[in-house]
>>> print(open('protein-v1.pdb').read())   # PDB, N, CA and C atoms
ATOM      1  N   MET C 949     -23.864  -5.555  21.571  1.00  0.00           N
ATOM      2  CA  MET C 949     -24.515  -6.850  21.544  1.00  0.00           C
ATOM      3  C   MET C 949     -23.672  -7.817  20.702  1.00  0.00           C
ATOM      4  N   ASN C 950     -23.306  -8.936  21.291  1.00  0.00           N
ATOM      5  CA  ASN C 950     -22.550  -9.955  20.561  1.00  0.00           C
ATOM      6  C   ASN C 950     -23.500 -10.846  19.795  1.00  0.00           C
ATOM      7  N   LYS C 951     -23.094 -11.206  18.605  1.00  0.00           N
ATOM      8  CA  LYS C 951     -23.910 -12.106  17.795  1.00  0.00           C
ATOM      9  C   LYS C 951     -23.349 -13.517  17.893  1.00  0.00           C
ATOM     10  N   MET C 952     -24.250 -14.478  17.982  1.00  0.00           N
ATOM     11  CA  MET C 952     -23.862 -15.876  18.001  1.00  0.00           C
ATOM     12  C   MET C 952     -23.270 -16.238  16.640  1.00  0.00           C
ATOM     13  N   LYS C 953     -22.230 -17.065  16.642  1.00  0.00           N
ATOM     14  CA  LYS C 953     -21.598 -17.462  15.386  1.00  0.00           C
ATOM     15  C   LYS C 953     -21.709 -18.966  15.190  1.00  0.00           C
ATOM     16  N   ILE C 954     -21.985 -19.363  13.963  1.00  0.00           N
ATOM     17  CA  ILE C 954     -22.034 -20.785  13.626  1.00  0.00           C
ATOM     18  C   ILE C 954     -20.603 -21.293  13.543  1.00  0.00           C
ATOM     19  N   THR C 955     -20.332 -22.383  14.262  1.00  0.00           N
ATOM     20  CA  THR C 955     -18.987 -22.954  14.271  1.00  0.00           C
ATOM     21  C   THR C 955     -18.906 -24.277  13.514  1.00  0.00           C
ATOM     22  N   ASP C 956     -20.036 -24.940  13.327  1.00  0.00           N
ATOM     23  CA  ASP C 956     -20.011 -26.232  12.641  1.00  0.00           C
ATOM     24  C   ASP C 956     -21.404 -26.567  12.122  1.00  0.00           C
ATOM     25  N   VAL C 957     -21.450 -27.229  10.981  1.00  0.00           N
ATOM     26  CA  VAL C 957     -22.702 -27.731  10.415  1.00  0.00           C
ATOM     27  C   VAL C 957     -22.469 -29.181  10.031  1.00  0.00           C
ATOM     28  N   LYS C 958     -23.330 -30.064  10.503  1.00  0.00           N
ATOM     29  CA  LYS C 958     -23.221 -31.487  10.167  1.00  0.00           C
ATOM     30  C   LYS C 958     -24.517 -31.944   9.512  1.00  0.00           C
ATOM     31  N   VAL C 959     -24.378 -32.734   8.457  1.00  0.00           N
ATOM     32  CA  VAL C 959     -25.528 -33.271   7.738  1.00  0.00           C
ATOM     33  C   VAL C 959     -25.410 -34.785   7.746  1.00  0.00           C
ATOM     34  N   ASN C 960     -26.508 -35.453   8.079  1.00  0.00           N
ATOM     35  CA  ASN C 960     -26.506 -36.905   8.174  1.00  0.00           C
ATOM     36  C   ASN C 960     -27.732 -37.461   7.466  1.00  0.00           C
ATOM     37  N   ARG C 961     -27.528 -38.454   6.628  1.00  0.00           N
ATOM     38  CA  ARG C 961     -28.647 -39.150   5.988  1.00  0.00           C
ATOM     39  C   ARG C 961     -28.929 -40.401   6.808  1.00  0.00           C
ATOM     40  N   ARG C 962     -30.173 -40.563   7.218  1.00  0.00           N
ATOM     41  CA  ARG C 962     -30.534 -41.652   8.123  1.00  0.00           C
ATOM     42  C   ARG C 962     -31.617 -42.518   7.497  1.00  0.00           C
ATOM     43  N   ARG C 963     -31.490 -43.827   7.663  1.00  0.00           N
ATOM     44  CA  ARG C 963     -32.510 -44.776   7.206  1.00  0.00           C
ATOM     45  C   ARG C 963     -33.047 -45.543   8.405  1.00  0.00           C
ATOM     46  N   VAL C 964     -34.364 -45.614   8.489  1.00  0.00           N
ATOM     47  CA  VAL C 964     -35.019 -46.331   9.585  1.00  0.00           C
ATOM     48  C   VAL C 964     -35.926 -47.388   8.977  1.00  0.00           C
ATOM     49  N   LYS C 965     -35.690 -48.652   9.343  1.00  0.00           N
ATOM     50  CA  LYS C 965     -36.544 -49.731   8.845  1.00  0.00           C
ATOM     51  C   LYS C 965     -37.877 -49.705   9.576  1.00  0.00           C
ATOM     52  N   LEU C 966     -38.947 -49.915   8.837  1.00  0.00           N
ATOM     53  CA  LEU C 966     -40.283 -49.952   9.420  1.00  0.00           C
ATOM     54  C   LEU C 966     -40.572 -51.356   9.942  1.00  0.00           C
ATOM     55  N   HIS C 967     -41.262 -51.448  11.068  1.00  0.00           N
ATOM     56  CA  HIS C 967     -41.670 -52.757  11.591  1.00  0.00           C
ATOM     57  C   HIS C 967     -42.648 -53.423  10.637  1.00  0.00           C
ATOM     58  N   THR C 968     -43.549 -52.615  10.085  1.00  0.00           N
ATOM     59  CA  THR C 968     -44.548 -53.113   9.140  1.00  0.00           C
ATOM     60  C   THR C 968     -44.492 -52.263   7.876  1.00  0.00           C
ATOM     61  N   PRO C 969     -44.101 -52.859   6.740  1.00  0.00           N
ATOM     62  CA  PRO C 969     -44.080 -52.095   5.486  1.00  0.00           C
ATOM     63  C   PRO C 969     -45.485 -51.631   5.105  1.00  0.00           C
ATOM     64  N   PHE C 970     -45.559 -50.549   4.338  1.00  0.00           N
ATOM     65  CA  PHE C 970     -46.862 -50.132   3.824  1.00  0.00           C
ATOM     66  C   PHE C 970     -46.768 -49.953   2.319  1.00  0.00           C
ATOM     67  N   LYS C 971     -47.909 -50.073   1.656  1.00  0.00           N
ATOM     68  CA  LYS C 971     -47.959 -49.996   0.198  1.00  0.00           C
ATOM     69  C   LYS C 971     -48.714 -48.754  -0.235  1.00  0.00           C
ATOM     70  N   THR C 972     -48.209 -48.158  -1.320  1.00  0.00           N
ATOM     71  CA  THR C 972     -48.919 -47.069  -1.982  1.00  0.00           C
ATOM     72  C   THR C 972     -49.213 -47.540  -3.401  1.00  0.00           C
ATOM     73  N   ALA C 973     -49.818 -46.692  -4.184  1.00  0.00           N
ATOM     74  CA  ALA C 973     -50.088 -47.058  -5.578  1.00  0.00           C
ATOM     75  C   ALA C 973     -48.792 -47.207  -6.370  1.00  0.00           C
ATOM     76  N   LEU C 974     -47.712 -46.585  -5.894  1.00  0.00           N
ATOM     77  CA  LEU C 974     -46.450 -46.596  -6.632  1.00  0.00           C
ATOM     78  C   LEU C 974     -45.427 -47.614  -6.145  1.00  0.00           C
ATOM     79  N   ARG C 975     -45.477 -47.951  -4.841  1.00  0.00           N
ATOM     80  CA  ARG C 975     -44.413 -48.809  -4.305  1.00  0.00           C
ATOM     81  C   ARG C 975     -44.754 -49.359  -2.929  1.00  0.00           C
ATOM     82  N   THR C 976     -43.920 -50.280  -2.483  1.00  0.00           N
ATOM     83  CA  THR C 976     -43.981 -50.770  -1.113  1.00  0.00           C
ATOM     84  C   THR C 976     -42.842 -50.118  -0.343  1.00  0.00           C
ATOM     85  N   VAL C 977     -43.157 -49.542   0.805  1.00  0.00           N
ATOM     86  CA  VAL C 977     -42.161 -48.823   1.598  1.00  0.00           C
ATOM     87  C   VAL C 977     -41.752 -49.692   2.780  1.00  0.00           C
ATOM     88  N   THR C 978     -40.453 -50.017   2.852  1.00  0.00           N
ATOM     89  CA  THR C 978     -39.934 -50.848   3.940  1.00  0.00           C
ATOM     90  C   THR C 978     -39.045 -50.059   4.895  1.00  0.00           C
ATOM     91  N   GLU C 979     -38.599 -48.891   4.452  1.00  0.00           N
ATOM     92  CA  GLU C 979     -37.779 -48.033   5.307  1.00  0.00           C
ATOM     93  C   GLU C 979     -38.029 -46.574   4.937  1.00  0.00           C
ATOM     94  N   ILE C 980     -37.735 -45.708   5.879  1.00  0.00           N
ATOM     95  CA  ILE C 980     -37.913 -44.273   5.669  1.00  0.00           C
ATOM     96  C   ILE C 980     -36.544 -43.613   5.774  1.00  0.00           C
ATOM     97  N   GLU C 981     -36.254 -42.704   4.853  1.00  0.00           N
ATOM     98  CA  GLU C 981     -34.997 -41.961   4.875  1.00  0.00           C
ATOM     99  C   GLU C 981     -35.264 -40.520   5.291  1.00  0.00           C
ATOM    100  N   SER C 982     -34.342 -39.977   6.055  1.00  0.00           N
ATOM    101  CA  SER C 982     -34.446 -38.561   6.387  1.00  0.00           C
ATOM    102  C   SER C 982     -33.059 -37.934   6.343  1.00  0.00           C
ATOM    103  N   ILE C 983     -33.038 -36.631   6.163  1.00  0.00           N
ATOM    104  CA  ILE C 983     -31.807 -35.849   6.211  1.00  0.00           C
ATOM    105  C   ILE C 983     -31.854 -35.043   7.500  1.00  0.00           C
ATOM    106  N   ASP C 984     -30.859 -35.237   8.357  1.00  0.00           N
ATOM    107  CA  ASP C 984     -30.767 -34.501   9.613  1.00  0.00           C
ATOM    108  C   ASP C 984     -29.660 -33.461   9.492  1.00  0.00           C
ATOM    109  N   VAL C 985     -29.919 -32.252   9.968  1.00  0.00           N
ATOM    110  CA  VAL C 985     -28.932 -31.173   9.938  1.00  0.00           C
ATOM    111  C   VAL C 985     -28.735 -30.665  11.365  1.00  0.00           C
ATOM    112  N   TYR C 986     -27.474 -30.566  11.783  1.00  0.00           N
ATOM    113  CA  TYR C 986     -27.131 -30.054  13.103  1.00  0.00           C
ATOM    114  C   TYR C 986     -26.265 -28.815  12.926  1.00  0.00           C
ATOM    115  N   ILE C 987     -26.639 -27.727  13.574  1.00  0.00           N
ATOM    116  CA  ILE C 987     -25.871 -26.484  13.504  1.00  0.00           C
ATOM    117  C   ILE C 987     -25.376 -26.158  14.914  1.00  0.00           C
ATOM    118  N   HIS C 988     -24.056 -26.014  15.062  1.00  0.00           N
ATOM    119  CA  HIS C 988     -23.432 -25.726  16.350  1.00  0.00           C
ATOM    120  C   HIS C 988     -22.987 -24.268  16.378  1.00  0.00           C
ATOM    121  N   THR C 989     -23.104 -23.635  17.542  1.00  0.00           N
ATOM    122  CA  THR C 989     -22.675 -22.237  17.679  1.00  0.00           C
ATOM    123  C   THR C 989     -21.533 -22.111  18.681  1.00  0.00           C
ATOM    124  N   ASP C 990     -20.918 -20.945  18.684  1.00  0.00           N
ATOM    125  CA  ASP C 990     -19.827 -20.668  19.617  1.00  0.00           C
ATOM    126  C   ASP C 990     -20.313 -20.554  21.062  1.00  0.00           C
ATOM    127  N   GLU C 991     -21.615 -20.473  21.275  1.00  0.00           N
ATOM    128  CA  GLU C 991     -22.169 -20.390  22.630  1.00  0.00           C
ATOM    129  C   GLU C 991     -22.670 -21.741  23.132  1.00  0.00           C
ATOM    130  N   GLY C 992     -22.395 -22.812  22.369  1.00  0.00           N
ATOM    131  CA  GLY C 992     -22.786 -24.150  22.792  1.00  0.00           C
ATOM    132  C   GLY C 992     -24.208 -24.538  22.424  1.00  0.00           C
ATOM    133  N   VAL C 993     -24.885 -23.687  21.680  1.00  0.00           N
ATOM    134  CA  VAL C 993     -26.252 -23.991  21.249  1.00  0.00           C
ATOM    135  C   VAL C 993     -26.187 -24.909  20.034  1.00  0.00           C
ATOM    136  N   ILE C 994     -27.035 -25.937  20.023  1.00  0.00           N
ATOM    137  CA  ILE C 994     -27.114 -26.848  18.879  1.00  0.00           C
ATOM    138  C   ILE C 994     -28.541 -26.825  18.356  1.00  0.00           C
ATOM    139  N   GLY C 995     -28.679 -26.511  17.074  1.00  0.00           N
ATOM    140  CA  GLY C 995     -29.987 -26.540  16.426  1.00  0.00           C
ATOM    141  C   GLY C 995     -30.080 -27.781  15.558  1.00  0.00           C
ATOM    142  N   LYS C 996     -31.269 -28.370  15.492  1.00  0.00           N
ATOM    143  CA  LYS C 996     -31.461 -29.577  14.688  1.00  0.00           C
ATOM    144  C   LYS C 996     -32.663 -29.387  13.776  1.00  0.00           C
ATOM    145  N   GLY C 997     -32.514 -29.838  12.534  1.00  0.00           N
ATOM    146  CA  GLY C 997     -33.620 -29.832  11.584  1.00  0.00           C
ATOM    147  C   GLY C 997     -33.625 -31.148  10.840  1.00  0.00           C
ATOM    148  N   ALA C 998     -34.764 -31.518  10.280  1.00  0.00           N
ATOM    149  CA  ALA C 998     -34.865 -32.774   9.530  1.00  0.00           C
ATOM    150  C   ALA C 998     -35.849 -32.606   8.387  1.00  0.00           C
ATOM    151  N   ALA C 999     -35.619 -33.382   7.329  1.00  0.00           N
ATOM    152  CA  ALA C 999     -36.512 -33.368   6.170  1.00  0.00           C
ATOM    153  C   ALA C 999     -36.521 -34.752   5.547  1.00  0.00           C
ATOM    154  N   ALA C1000     -37.600 -35.073   4.861  1.00  0.00           N
ATOM    155  CA  ALA C1000     -37.676 -36.342   4.140  1.00  0.00           C
ATOM    156  C   ALA C1000     -36.671 -36.321   2.998  1.00  0.00           C
ATOM    157  N   ALA C1001     -36.002 -37.449   2.787  1.00  0.00           N
ATOM    158  CA  ALA C1001     -35.000 -37.539   1.722  1.00  0.00           C
ATOM    159  C   ALA C1001     -35.621 -37.880   0.374  1.00  0.00           C
ATOM    160  N   THR C1002     -36.900 -38.205   0.357  1.00  0.00           N
ATOM    161  CA  THR C1002     -37.583 -38.584  -0.872  1.00  0.00           C
ATOM    162  C   THR C1002     -38.104 -37.343  -1.581  1.00  0.00           C
ATOM    163  N   PRO C1003     -37.647 -37.061  -2.809  1.00  0.00           N
ATOM    164  CA  PRO C1003     -38.088 -35.858  -3.519  1.00  0.00           C
ATOM    165  C   PRO C1003     -39.604 -35.782  -3.712  1.00  0.00           C
ATOM    166  N   VAL C1004     -40.270 -36.920  -3.863  1.00  0.00           N
ATOM    167  CA  VAL C1004     -41.721 -36.926  -4.067  1.00  0.00           C
ATOM    168  C   VAL C1004     -42.437 -36.338  -2.856  1.00  0.00           C
ATOM    169  N   ILE C1005     -41.901 -36.577  -1.665  1.00  0.00           N
ATOM    170  CA  ILE C1005     -42.533 -36.096  -0.433  1.00  0.00           C
ATOM    171  C   ILE C1005     -42.265 -34.614  -0.233  1.00  0.00           C
ATOM    172  N   THR C1006     -41.060 -34.162  -0.530  1.00  0.00           N
ATOM    173  CA  THR C1006     -40.717 -32.764  -0.295  1.00  0.00           C
ATOM    174  C   THR C1006     -41.122 -31.931  -1.486  1.00  0.00           C
TER     175      THR C1006
END
>>> encode(input="protein-v1.pdb", output="structure tokens")
Amino acid sequence: MNKMKITDVKVNRRRVKLHTPFKTALRTVTEIESIDVYIHTDEGVIGKGAAAATPVIT
């Protein structure tokens, strides 16, 4: 049995502006940040994961 091998890992920090800002007790949020991770294999499979970039949320 052959095992799939990871050939590349890419990490991207992304910011998305909100159409309508929202307020919390701590701040006004005008954009959301996320960390996207892409993992490529030797068999052409690409896996994607994402997480909030804000430590308070994670």
>>> resolve_selection(input="protein-v1.pdb", expression="the PyMOL selection byres ((chain C and resi 988) around 8)", output="list in words")
Lys953, Ile954, Thr955, Asp956, Val957, Lys958, Val985, Tyr986, Ile987, Thr989, Asp990, Glu991, Gly992, Val993, Ile994, Gly995 and Lys996 of chain C
>>> axis_aligned_box(input="protein-v1.pdb", around="segment 981-984 of chain C", padding_each_side="5 Å", output="JSON")
{"center_x": -33.0, "center_y": -38.1, "center_z": 7.2, "size_x": 16.6, "size_y": 19.2, "size_z": 14.8}
>>> residues_around(input="protein-v1.pdb", residues="Arg963 of chain C", least_positions_apart="6", cutoff="8 Å", atoms="only N, CA and C atoms", output="PDB file with N, CA and C atoms, in the frame of the given file")
ATOM      1  N   GLU C 979     -38.599 -48.891   4.452  1.00  0.00           N
ATOM      2  CA  GLU C 979     -37.779 -48.033   5.307  1.00  0.00           C
ATOM      3  C   GLU C 979     -38.029 -46.574   4.937  1.00  0.00           C
ATOM      4  N   ILE C 980     -37.735 -45.708   5.879  1.00  0.00           N
ATOM      5  CA  ILE C 980     -37.913 -44.273   5.669  1.00  0.00           C
ATOM      6  C   ILE C 980     -36.544 -43.613   5.774  1.00  0.00           C
ATOM      7  N   GLU C 981     -36.254 -42.704   4.853  1.00  0.00           N
ATOM      8  CA  GLU C 981     -34.997 -41.961   4.875  1.00  0.00           C
ATOM      9  C   GLU C 981     -35.264 -40.520   5.291  1.00  0.00           C
ATOM     10  N   SER C 982     -34.342 -39.977   6.055  1.00  0.00           N
ATOM     11  CA  SER C 982     -34.446 -38.561   6.387  1.00  0.00           C
ATOM     12  C   SER C 982     -33.059 -37.934   6.343  1.00  0.00           C
ATOM     13  N   ILE C 983     -33.038 -36.631   6.163  1.00  0.00           N
ATOM     14  CA  ILE C 983     -31.807 -35.849   6.211  1.00  0.00           C
ATOM     15  C   ILE C 983     -31.854 -35.043   7.500  1.00  0.00           C
TER      16      ILE C 983
END
>>> atom_distance(input="protein-v1.pdb", atom1="atom C of Lys971 of chain C", atom2="atom CA of Val959 of chain C")
29.0 Å
>>> closest_residue(input="protein-v1.pdb", among="C:His967, C:Lys951, C:Arg962, C:Val977", to="Ala1001 of chain C", atoms="all atoms listed in the file")
C:Arg962
>>> atom_distance(input="protein-v1.pdb", atom1="atom N of Arg961 of chain C", atom2="atom CA of Asp984 of chain C")
5.9 Å
>>> select_by_dssp(input="protein-v1.pdb", residues="segment 964-1002 of chain C", states="strand (DSSP E)", output="list in words")
Val964, Lys965, Leu966, His967, Thr968, Pro969, Phe970, Lys971, Thr976, Val977, Thr978, Glu979, Ile980, Glu981, Ser982, Ile983, Asp984, Val985, Tyr986, Ile987, His988, Thr989, Ile994, Gly995, Lys996, Gly997, Ala998, Ala999 and Ala1000 of chain C
>>> atom_distance(input="protein-v1.pdb", atom1="atom C of Asn960 of chain C", atom2="atom CA of Thr1002 of chain C")
13.0 Å
